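Read through the structure below, which is laid out as structure tokens, and then see the notes.
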Amino acid sequence: MKAIILSAGQGRRLLPLTAETPKCLIPFAGRPLVEWQVRALAEAGVTDIVVVTGFEAGKVEAALEAIRLPGVTVRATHNPFFELADNLASCWIARHEMKGPFLILNGDTLIEPEIARRVLADPATAPITVTIDRKAEYDTDDMKVRTEGDRLLAIGKTLPNDLVTGESIGFLRFTEEGCRAFVSEIERLMRSEEGLKRWYLSAIDGIARYHSNVGVRSIEGLEWSELDFPADLDRGVAMTEGWVKRGL
């Protein structure tokens with residue numbers, strides 16, 4: 001199994017912390033974020049991990065070279081448009097890696113290993129599976145989802161609250177069929193005038209709305225965090241310190 005981690009961004013909402021350090025290298029309990037991600041994926045059986053770099057790519061590549069896990073290959077591919085584009089462009093850059101089953105993990109999503117294990121342990125019941133969580137209330141920055149059973153109907157930050165049934169955690173699974181559909185959609189969107197400014201999940205939204213072949217997998221009760229704001233960093237530190245105590 002291959003995983004692609006989208007880590008091209010600087011993390012401007014965390015300035016000045018990220019003035020010279022990309023978000024994916026912020027340390028949590030003694031390890032940079034990207035290393036926590038690589039280890040979580042590796043513990044679930046992922047053996048080929050591709051990190052899409054952008055801001056301060058050399059520093060990220062050096063950090064990846066320092067990660068030594070038996071049987072696991074960790075490598076980088078560079079997005080030279082990271083300052084001009086959103087993460088749809090990172091997926092377009094990495095589309096040559098999307099040949100067969102694979103995973104996508106957002107570069108600012110911290111997950112405990114059990115999340116990856118559960119996602120991969122389940123038989124793939126849909127070509128594309130979006131991992132979701134649920135909570136009592138959702139804010140404007142949440143990547144909200146509308147679902148019907150295990151089927152995704154729509155995904156986006158502007159979904160009306162009365163239609164929201166969960167939020168994407170930024171972790172997706174693709175079968176070979178889902179891979180073909182996703183690559184086709186990102187290539188179509190990148191030809192549009194607004195392509196550089198689109199999130200890759202807008203491609204998932206289009207596939208869900210018009211092709212009805214996107215599923216969801218809830219990981220309620222497991223630990224994860226999106227790392228966008230200073231308060232998120234405090235939560236990430238507390239969470240990873242807990243994982244260290246548990247021997248993760």
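Going by the structure tokens order, chains are called A, B, ..., each with residues numbered from 1, while ligands are numbered from 1 in the order shown.
The shell of residues at most 12 Å from Glu241 of chain A, with only C-alpha atoms counted and near chain neighbours (fewer than 3 positions) removed, consists of Pro27, Phe28, Ala29, Gly30, Arg31, Trp36, Glu112, Asp234, Arg235, Gly236, Val237, Ala238, Val244, Lys245, Arg246, Gly247 and Leu248 of chain A.
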For Ala44 of chain A, work out the shell of residues within 10 Å, counting only C-alpha atoms and skipping chain neighbours fewer than 2 positions away, then give it as a list of chain:residue names.
A:Met1, A:Arg39, A:Ala40, A:Leu41, A:Ala42, A:Val46, A:Thr47, A:Pro113, A:Glu114, A:Ile115, A:Ala116, A:Arg117, A:Arg118, A:Val119, A:Leu120, A:Ala121
Those selected residues, please, written with N, CA, C and O atoms and delivered as a short mmCIF file (atom, residue, chain, number, x, y, z; two decimals), in the first residue's frame.
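Below you can see part38.cif, which holds the result:
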data_model
loop_
_atom_site.label_atom_id
_atom_site.label_comp_id
_atom_site.auth_asym_id
_atom_site.auth_seq_id
_atom_site.Cartn_x
_atom_site.Cartn_y
_atom_site.Cartn_z
N MET A 1 0.85 -1.19 0.00
CA MET A 1 0.00 0.00 0.00
C MET A 1 0.88 1.24 0.00
O MET A 1 1.89 1.31 0.69
N ARG A 39 5.14 7.24 10.79
CA ARG A 39 5.13 6.11 11.71
C ARG A 39 3.73 5.52 11.86
O ARG A 39 3.57 4.30 11.95
N ALA A 40 2.71 6.37 11.90
CA ALA A 40 1.33 5.87 12.01
C ALA A 40 0.97 5.04 10.78
O ALA A 40 0.36 3.96 10.89
N LEU A 41 1.33 5.52 9.60
CA LEU A 41 1.05 4.79 8.37
C LEU A 41 1.84 3.48 8.32
O LEU A 41 1.31 2.43 7.93
N ALA A 42 3.11 3.54 8.71
CA ALA A 42 3.95 2.34 8.67
C ALA A 42 3.43 1.26 9.61
O ALA A 42 3.44 0.07 9.27
N VAL A 46 1.63 0.29 5.72
CA VAL A 46 2.00 1.05 4.52
C VAL A 46 3.51 0.97 4.34
O VAL A 46 4.26 1.25 5.27
N THR A 47 3.95 0.62 3.15
CA THR A 47 5.38 0.42 2.91
C THR A 47 6.00 1.44 1.96
O THR A 47 7.22 1.50 1.83
N PRO A 113 -2.00 5.76 15.30
CA PRO A 113 -1.86 4.63 14.38
C PRO A 113 -3.12 3.80 14.19
O PRO A 113 -3.36 3.26 13.11
N GLU A 114 -3.95 3.70 15.22
CA GLU A 114 -5.15 2.87 15.12
C GLU A 114 -6.10 3.36 14.03
O GLU A 114 -6.84 2.57 13.43
N ILE A 115 -6.08 4.66 13.73
CA ILE A 115 -6.94 5.18 12.66
C ILE A 115 -6.54 4.56 11.33
O ILE A 115 -7.38 4.05 10.57
N ALA A 116 -5.25 4.57 11.03
CA ALA A 116 -4.79 3.98 9.77
C ALA A 116 -5.03 2.48 9.75
O ALA A 116 -5.41 1.92 8.71
N ARG A 117 -4.83 1.81 10.88
CA ARG A 117 -5.07 0.37 10.93
C ARG A 117 -6.52 0.04 10.62
O ARG A 117 -6.82 -0.90 9.86
N ARG A 118 -7.45 0.79 11.20
CA ARG A 118 -8.87 0.50 10.98
C ARG A 118 -9.29 0.79 9.54
O ARG A 118 -10.08 0.03 8.95
N VAL A 119 -8.78 1.87 8.99
CA VAL A 119 -9.14 2.21 7.61
C VAL A 119 -8.67 1.13 6.65
O VAL A 119 -9.37 0.75 5.71
N LEU A 120 -7.48 0.58 6.89
CA LEU A 120 -6.93 -0.43 5.99
C LEU A 120 -7.45 -1.83 6.31
O LEU A 120 -7.45 -2.71 5.44
N ALA A 121 -7.92 -2.06 7.53
CA ALA A 121 -8.41 -3.39 7.89
C ALA A 121 -9.75 -3.68 7.25
O ALA A 121 -10.07 -4.84 6.94
#
Helix (DSSP H, G or I) per DSSP on the backbone: members of segment 40-218 of chain A, as a ChimeraX atom specification
/A:40-43,57-65,87-93,95-97,113-121,161-163,176-190,195-197,200-211
What gap, in Å, lies between atom CA of Phe229 of chain A and atom CA of Leu17 of chain A?
10.8 Å
Find the spatial neighbours of Gly166 of chain A, counting only C-alpha atoms, within a cut-off of 12 Å - ignore same-chain residues fewer than 3 positions away - and output them as a PyMOL selection string.
chain A and resi 130-139+142-150+152-157+159-163+169+216-220
Residues as selected, N, CA, C and O atoms, written as a tab-separated table (two decimals), in the first residue's frame, can you do that?
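Output (part35.tsv):
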chain	number	residue	atom	x	y	z
A	130	VAL	N	-13.76	8.34	2.37
A	130	VAL	CA	-13.37	9.53	3.14
A	130	VAL	C	-13.51	9.20	4.63
A	130	VAL	O	-14.59	8.78	5.07
A	131	THR	N	-12.44	9.36	5.37
A	131	THR	CA	-12.48	9.10	6.81
A	131	THR	C	-13.08	10.30	7.53
A	131	THR	O	-12.64	11.43	7.30
A	132	ILE	N	-14.08	10.05	8.37
A	132	ILE	CA	-14.80	11.15	9.01
A	132	ILE	C	-14.87	10.96	10.52
A	132	ILE	O	-14.70	9.86	11.04
A	133	ASP	N	-15.16	12.07	11.19
A	133	ASP	CA	-15.45	12.06	12.62
A	133	ASP	C	-16.75	12.83	12.81
A	133	ASP	O	-17.21	13.54	11.88
A	134	ARG	N	-17.32	12.72	13.97
A	134	ARG	CA	-18.57	13.44	14.26
A	134	ARG	C	-18.45	14.13	15.61
A	134	ARG	O	-17.77	13.64	16.51
A	135	LYS	N	-19.12	15.28	15.73
A	135	LYS	CA	-19.14	16.01	17.00
A	135	LYS	C	-20.44	16.79	17.09
A	135	LYS	O	-21.26	16.79	16.14
A	136	ALA	N	-20.64	17.47	18.20
A	136	ALA	CA	-21.91	18.15	18.43
A	136	ALA	C	-22.10	19.38	17.55
A	136	ALA	O	-23.20	19.65	17.06
A	137	GLU	N	-21.02	20.15	17.33
A	137	GLU	CA	-21.12	21.39	16.56
A	137	GLU	C	-19.93	21.50	15.61
A	137	GLU	O	-18.85	20.98	15.89
A	138	TYR	N	-20.14	22.22	14.51
A	138	TYR	CA	-19.10	22.40	13.50
A	138	TYR	C	-18.90	23.88	13.24
A	138	TYR	O	-19.86	24.66	13.25
A	139	ASP	N	-17.63	24.28	13.02
A	139	ASP	CA	-17.35	25.69	12.77
A	139	ASP	C	-17.05	25.92	11.29
A	139	ASP	O	-17.04	24.98	10.49
A	142	ASP	N	-14.21	23.83	9.55
A	142	ASP	CA	-14.32	22.37	9.43
A	142	ASP	C	-14.65	21.98	8.00
A	142	ASP	O	-15.48	22.63	7.33
A	143	MET	N	-14.03	20.90	7.52
A	143	MET	CA	-14.36	20.35	6.20
A	143	MET	C	-15.55	19.41	6.41
A	143	MET	O	-15.42	18.22	6.66
A	144	LYS	N	-16.74	19.99	6.29
A	144	LYS	CA	-17.96	19.30	6.67
A	144	LYS	C	-18.42	18.31	5.58
A	144	LYS	O	-18.11	18.50	4.40
A	145	VAL	N	-19.15	17.29	6.01
A	145	VAL	CA	-19.67	16.30	5.06
A	145	VAL	C	-21.16	16.11	5.27
A	145	VAL	O	-21.70	16.29	6.37
A	146	ARG	N	-21.81	15.75	4.18
A	146	ARG	CA	-23.20	15.30	4.23
A	146	ARG	C	-23.20	13.85	3.77
A	146	ARG	O	-22.66	13.53	2.70
A	147	THR	N	-23.78	12.99	4.59
A	147	THR	CA	-23.75	11.57	4.29
A	147	THR	C	-25.15	10.97	4.34
A	147	THR	O	-26.07	11.54	4.92
A	148	GLU	N	-25.25	9.80	3.72
A	148	GLU	CA	-26.47	8.99	3.81
A	148	GLU	C	-26.01	7.55	4.02
A	148	GLU	O	-25.52	6.91	3.11
A	149	GLY	N	-26.12	7.09	5.27
A	149	GLY	CA	-25.53	5.81	5.59
A	149	GLY	C	-24.02	5.88	5.44
A	149	GLY	O	-23.37	6.76	5.99
A	150	ASP	N	-23.45	4.96	4.67
A	150	ASP	CA	-22.01	4.95	4.44
A	150	ASP	C	-21.64	5.63	3.13
A	150	ASP	O	-20.51	5.48	2.65
A	152	LEU	N	-21.11	9.15	0.84
A	152	LEU	CA	-20.89	10.59	0.87
A	152	LEU	C	-21.74	11.26	-0.19
A	152	LEU	O	-21.68	10.90	-1.37
A	153	LEU	N	-22.49	12.27	0.22
A	153	LEU	CA	-23.31	13.04	-0.71
A	153	LEU	C	-22.64	14.35	-1.11
A	153	LEU	O	-22.78	14.80	-2.24
A	154	ALA	N	-21.91	14.97	-0.17
A	154	ALA	CA	-21.25	16.25	-0.46
A	154	ALA	C	-20.20	16.50	0.61
A	154	ALA	O	-20.30	15.99	1.74
A	155	ILE	N	-19.20	17.30	0.25
A	155	ILE	CA	-18.15	17.67	1.19
A	155	ILE	C	-17.70	19.09	0.89
A	155	ILE	O	-17.57	19.48	-0.27
A	156	GLY	N	-17.50	19.90	1.94
A	156	GLY	CA	-17.07	21.28	1.75
A	156	GLY	C	-17.21	22.08	3.04
A	156	GLY	O	-17.97	21.71	3.94
A	157	LYS	N	-16.51	23.19	3.12
A	157	LYS	CA	-16.56	24.02	4.32
A	157	LYS	C	-17.84	24.84	4.42
A	157	LYS	O	-18.19	25.30	5.50
A	159	LEU	N	-21.02	23.86	3.58
A	159	LEU	CA	-22.28	23.12	3.64
A	159	LEU	C	-23.18	23.69	4.74
A	159	LEU	O	-22.70	24.01	5.83
A	160	PRO	N	-24.48	23.84	4.48
A	160	PRO	CA	-25.39	24.34	5.51
A	160	PRO	C	-25.39	23.41	6.73
A	160	PRO	O	-25.39	22.18	6.59
A	161	ASN	N	-25.39	23.99	7.92
A	161	ASN	CA	-25.28	23.19	9.13
A	161	ASN	C	-26.39	22.17	9.28
A	161	ASN	O	-26.18	21.10	9.88
A	162	ASP	N	-27.58	22.45	8.76
A	162	ASP	CA	-28.67	21.51	8.93
A	162	ASP	C	-28.52	20.25	8.06
A	162	ASP	O	-29.26	19.28	8.23
A	163	LEU	N	-27.52	20.27	7.16
A	163	LEU	CA	-27.26	19.11	6.31
A	163	LEU	C	-26.01	18.35	6.75
A	163	LEU	O	-25.74	17.26	6.24
A	169	ILE	N	-11.49	14.19	8.21
A	169	ILE	CA	-10.27	14.41	8.98
A	169	ILE	C	-9.06	14.59	8.06
A	169	ILE	O	-7.95	14.78	8.54
A	216	VAL	N	-17.85	6.63	3.17
A	216	VAL	CA	-17.27	7.23	4.37
A	216	VAL	C	-16.96	6.14	5.38
A	216	VAL	O	-17.59	5.08	5.39
A	217	ARG	N	-15.97	6.42	6.22
A	217	ARG	CA	-15.59	5.51	7.30
A	217	ARG	C	-15.40	6.35	8.55
A	217	ARG	O	-14.52	7.21	8.61
A	218	SER	N	-16.24	6.15	9.57
A	218	SER	CA	-16.13	6.93	10.80
A	218	SER	C	-15.04	6.35	11.70
A	218	SER	O	-14.90	5.13	11.83
A	219	ILE	N	-14.28	7.24	12.32
A	219	ILE	CA	-13.26	6.83	13.28
A	219	ILE	C	-13.57	7.46	14.65
A	219	ILE	O	-12.66	7.76	15.43
A	220	GLU	N	-14.84	7.63	14.94
A	220	GLU	CA	-15.26	8.24	16.20
A	220	GLU	C	-14.62	7.51	17.38
A	220	GLU	O	-14.56	6.29	17.43
Selection: 8 Å around Ala203 of chain A, only C-alpha atoms, excl. self and same-chain fewer than 6 positions, as a ChimeraX atom specification
/A:182,185-186,189
Deliver the residues from the most recent selection as a file, using N, CA, C and O atoms, as a CSV table (one decimal), in the first residue's frame.
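Wrote part39.csv, looks like this:
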chain,number,residue,atom,x,y,z
A,182,PHE,N,-10.4,9.8,-9.6
A,182,PHE,CA,-9.8,10.9,-8.9
A,182,PHE,C,-8.8,11.7,-9.8
A,182,PHE,O,-8.8,12.9,-10.0
A,185,GLU,N,-10.6,13.6,-12.5
A,185,GLU,CA,-11.2,14.8,-12.0
A,185,GLU,C,-10.2,15.9,-11.7
A,185,GLU,O,-10.5,17.1,-12.0
A,186,ILE,N,-9.1,15.5,-11.1
A,186,ILE,CA,-8.1,16.6,-10.8
A,186,ILE,C,-7.5,17.2,-12.1
A,186,ILE,O,-7.3,18.4,-12.2
A,189,LEU,N,-10.2,19.6,-13.4
A,189,LEU,CA,-10.2,20.8,-12.6
A,189,LEU,C,-9.0,21.7,-12.8
A,189,LEU,O,-9.1,22.9,-12.8
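Each of A:Cys179, A:Cys91, A:Ile128, A:Ala76 was checked against Asp205 of chain A using only C-alpha atoms; the smallest atom-to-atom distance is that of A:Ile128.
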For a test of reading the model, state the distance in Å between atom CA of Trp92 of chain A and atom CA of Glu187 of chain A, rounded to one decimal.
6.9 Å
Neighbours of Lys99 of chain A within 12 Å (only C-alpha atoms; same-chain residues fewer than 6 positions away dropped), as number ranges by chain?
A: 1-4, 174-183
Skipping near chain neighbours, those fewer than 4 positions away, what residues fall within 6 Å of Phe55 of chain A using only C-alpha atoms, listed as a list in words?
Ala8, Gly9 and Gln10 of chain A
Take the residues that were just selected and, keeping C-alpha atoms, output them as an mmCIF file, in the first residue's frame.
data_model
loop_
_atom_site.group_PDB
_atom_site.id
_atom_site.type_symbol
_atom_site.label_atom_id
_atom_site.label_comp_id
_atom_site.auth_asym_id
_atom_site.auth_seq_id
_atom_site.Cartn_x
_atom_site.Cartn_y
_atom_site.Cartn_z
ATOM 1 C CA ALA A 8 3.755 21.534 0.561
ATOM 2 C CA GLY A 9 2.293 24.371 2.608
ATOM 3 C CA GLN A 10 4.048 26.782 4.938
#
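The smallest atom-to-atom distance between Asn213 of chain A and any of A:Leu25, A:Leu88, A:Thr125, A:Met98, using only C-alpha atoms, is found for A:Thr125.
Proximity to Ile67 of chain A was assessed for A:Ile93, A:Val34, A:Leu84, A:Leu6 counting only C-alpha atoms; the smallest distance is recorded for A:Val34.
Counting from atom CA of Ser212 of chain A, the distance to atom CA of Ser168 of chain A is 17.2 Å.
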From a DSSP calculation on the backbone, collect every residue of segment 7-78 of chain A in strand (DSSP E) and output the set as JSON, numbers by chain.
{"A": [27, 28, 31, 32, 48, 49, 50, 51, 52, 53, 73, 74, 75, 76, 77, 78]}
Take the residues that were just selected and, keeping N, CA, C and O atoms, output them as an mmCIF file, in the first residue's frame.
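Output file result-v6.cif follows:
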data_model
loop_
_atom_site.group_PDB
_atom_site.id
_atom_site.type_symbol
_atom_site.label_atom_id
_atom_site.label_comp_id
_atom_site.auth_asym_id
_atom_site.auth_seq_id
_atom_site.Cartn_x
_atom_site.Cartn_y
_atom_site.Cartn_z
ATOM 1 N N PRO A 27 7.638 20.312 15.908
ATOM 2 C CA PRO A 27 7.824 19.139 16.776
ATOM 3 C C PRO A 27 6.658 18.921 17.738
ATOM 4 O O PRO A 27 6.082 19.877 18.267
ATOM 5 N N PHE A 28 6.356 17.659 17.945
ATOM 6 C CA PHE A 28 5.351 17.247 18.922
ATOM 7 C C PHE A 28 5.931 16.083 19.717
ATOM 8 O O PHE A 28 6.230 15.029 19.145
ATOM 9 N N ARG A 31 9.122 14.623 18.145
ATOM 10 C CA ARG A 31 9.152 14.222 16.741
ATOM 11 C C ARG A 31 8.441 15.268 15.890
ATOM 12 O O ARG A 31 7.414 15.813 16.319
ATOM 13 N N PRO A 32 8.942 15.535 14.683
ATOM 14 C CA PRO A 32 8.202 16.434 13.796
ATOM 15 C C PRO A 32 6.885 15.788 13.360
ATOM 16 O O PRO A 32 6.758 14.554 13.313
ATOM 17 N N ASP A 48 5.176 2.226 1.286
ATOM 18 C CA ASP A 48 5.669 3.210 0.322
ATOM 19 C C ASP A 48 5.002 4.541 0.615
ATOM 20 O O ASP A 48 3.779 4.679 0.438
ATOM 21 N N ILE A 49 5.762 5.523 1.088
ATOM 22 C CA ILE A 49 5.202 6.807 1.515
ATOM 23 C C ILE A 49 5.865 7.924 0.721
ATOM 24 O O ILE A 49 7.088 8.057 0.708
ATOM 25 N N VAL A 50 5.028 8.714 0.052
ATOM 26 C CA VAL A 50 5.486 9.834 -0.764
ATOM 27 C C VAL A 50 5.018 11.132 -0.109
ATOM 28 O O VAL A 50 3.828 11.298 0.145
ATOM 29 N N VAL A 51 5.936 12.028 0.166
ATOM 30 C CA VAL A 51 5.608 13.308 0.780
ATOM 31 C C VAL A 51 5.746 14.404 -0.275
ATOM 32 O O VAL A 51 6.819 14.568 -0.863
ATOM 33 N N VAL A 52 4.660 15.143 -0.520
ATOM 34 C CA VAL A 52 4.707 16.260 -1.461
ATOM 35 C C VAL A 52 5.225 17.482 -0.716
ATOM 36 O O VAL A 52 4.599 17.959 0.229
ATOM 37 N N THR A 53 6.379 17.978 -1.144
ATOM 38 C CA THR A 53 7.017 19.107 -0.480
ATOM 39 C C THR A 53 6.757 20.406 -1.245
ATOM 40 O O THR A 53 6.349 20.394 -2.402
ATOM 41 N N THR A 73 9.726 2.599 2.580
ATOM 42 C CA THR A 73 10.389 3.595 1.742
ATOM 43 C C THR A 73 9.691 4.936 1.915
ATOM 44 O O THR A 73 8.468 5.027 1.743
ATOM 45 N N VAL A 74 10.451 5.969 2.249
ATOM 46 C CA VAL A 74 9.906 7.320 2.405
ATOM 47 C C VAL A 74 10.659 8.225 1.441
ATOM 48 O O VAL A 74 11.882 8.307 1.475
ATOM 49 N N ARG A 75 9.928 8.897 0.557
ATOM 50 C CA ARG A 75 10.568 9.748 -0.439
ATOM 51 C C ARG A 75 9.726 10.992 -0.676
ATOM 52 O O ARG A 75 8.597 11.095 -0.176
ATOM 53 N N ALA A 76 10.287 11.932 -1.419
ATOM 54 C CA ALA A 76 9.617 13.218 -1.638
ATOM 55 C C ALA A 76 9.414 13.475 -3.122
ATOM 56 O O ALA A 76 10.174 13.003 -3.965
ATOM 57 N N THR A 77 8.358 14.224 -3.423
ATOM 58 C CA THR A 77 8.170 14.802 -4.751
ATOM 59 C C THR A 77 7.778 16.259 -4.531
ATOM 60 O O THR A 77 7.056 16.576 -3.575
ATOM 61 N N HIS A 78 8.291 17.154 -5.374
ATOM 62 C CA HIS A 78 8.198 18.594 -5.085
ATOM 63 C C HIS A 78 7.099 19.274 -5.889
ATOM 64 O O HIS A 78 6.940 19.029 -7.087
#
Using only C-alpha atoms for the distances, tell me which of A:Tyr200, A:Val214, A:Glu65, A:Thr18 is nearest to Ala124 of chain A.
A:Val214
Which one of A:Gly45, A:Glu56, A:Leu14, A:Leu227 sits closest to Leu33 of chain A if you count only C-alpha atoms?
A:Leu227
Choose the residue, out of A:Ile207, A:Gly215, A:Ile26, A:Glu43, that has the smallest atom-to-atom separation from Pro123 of chain A; count only C-alpha atoms.
A:Gly215
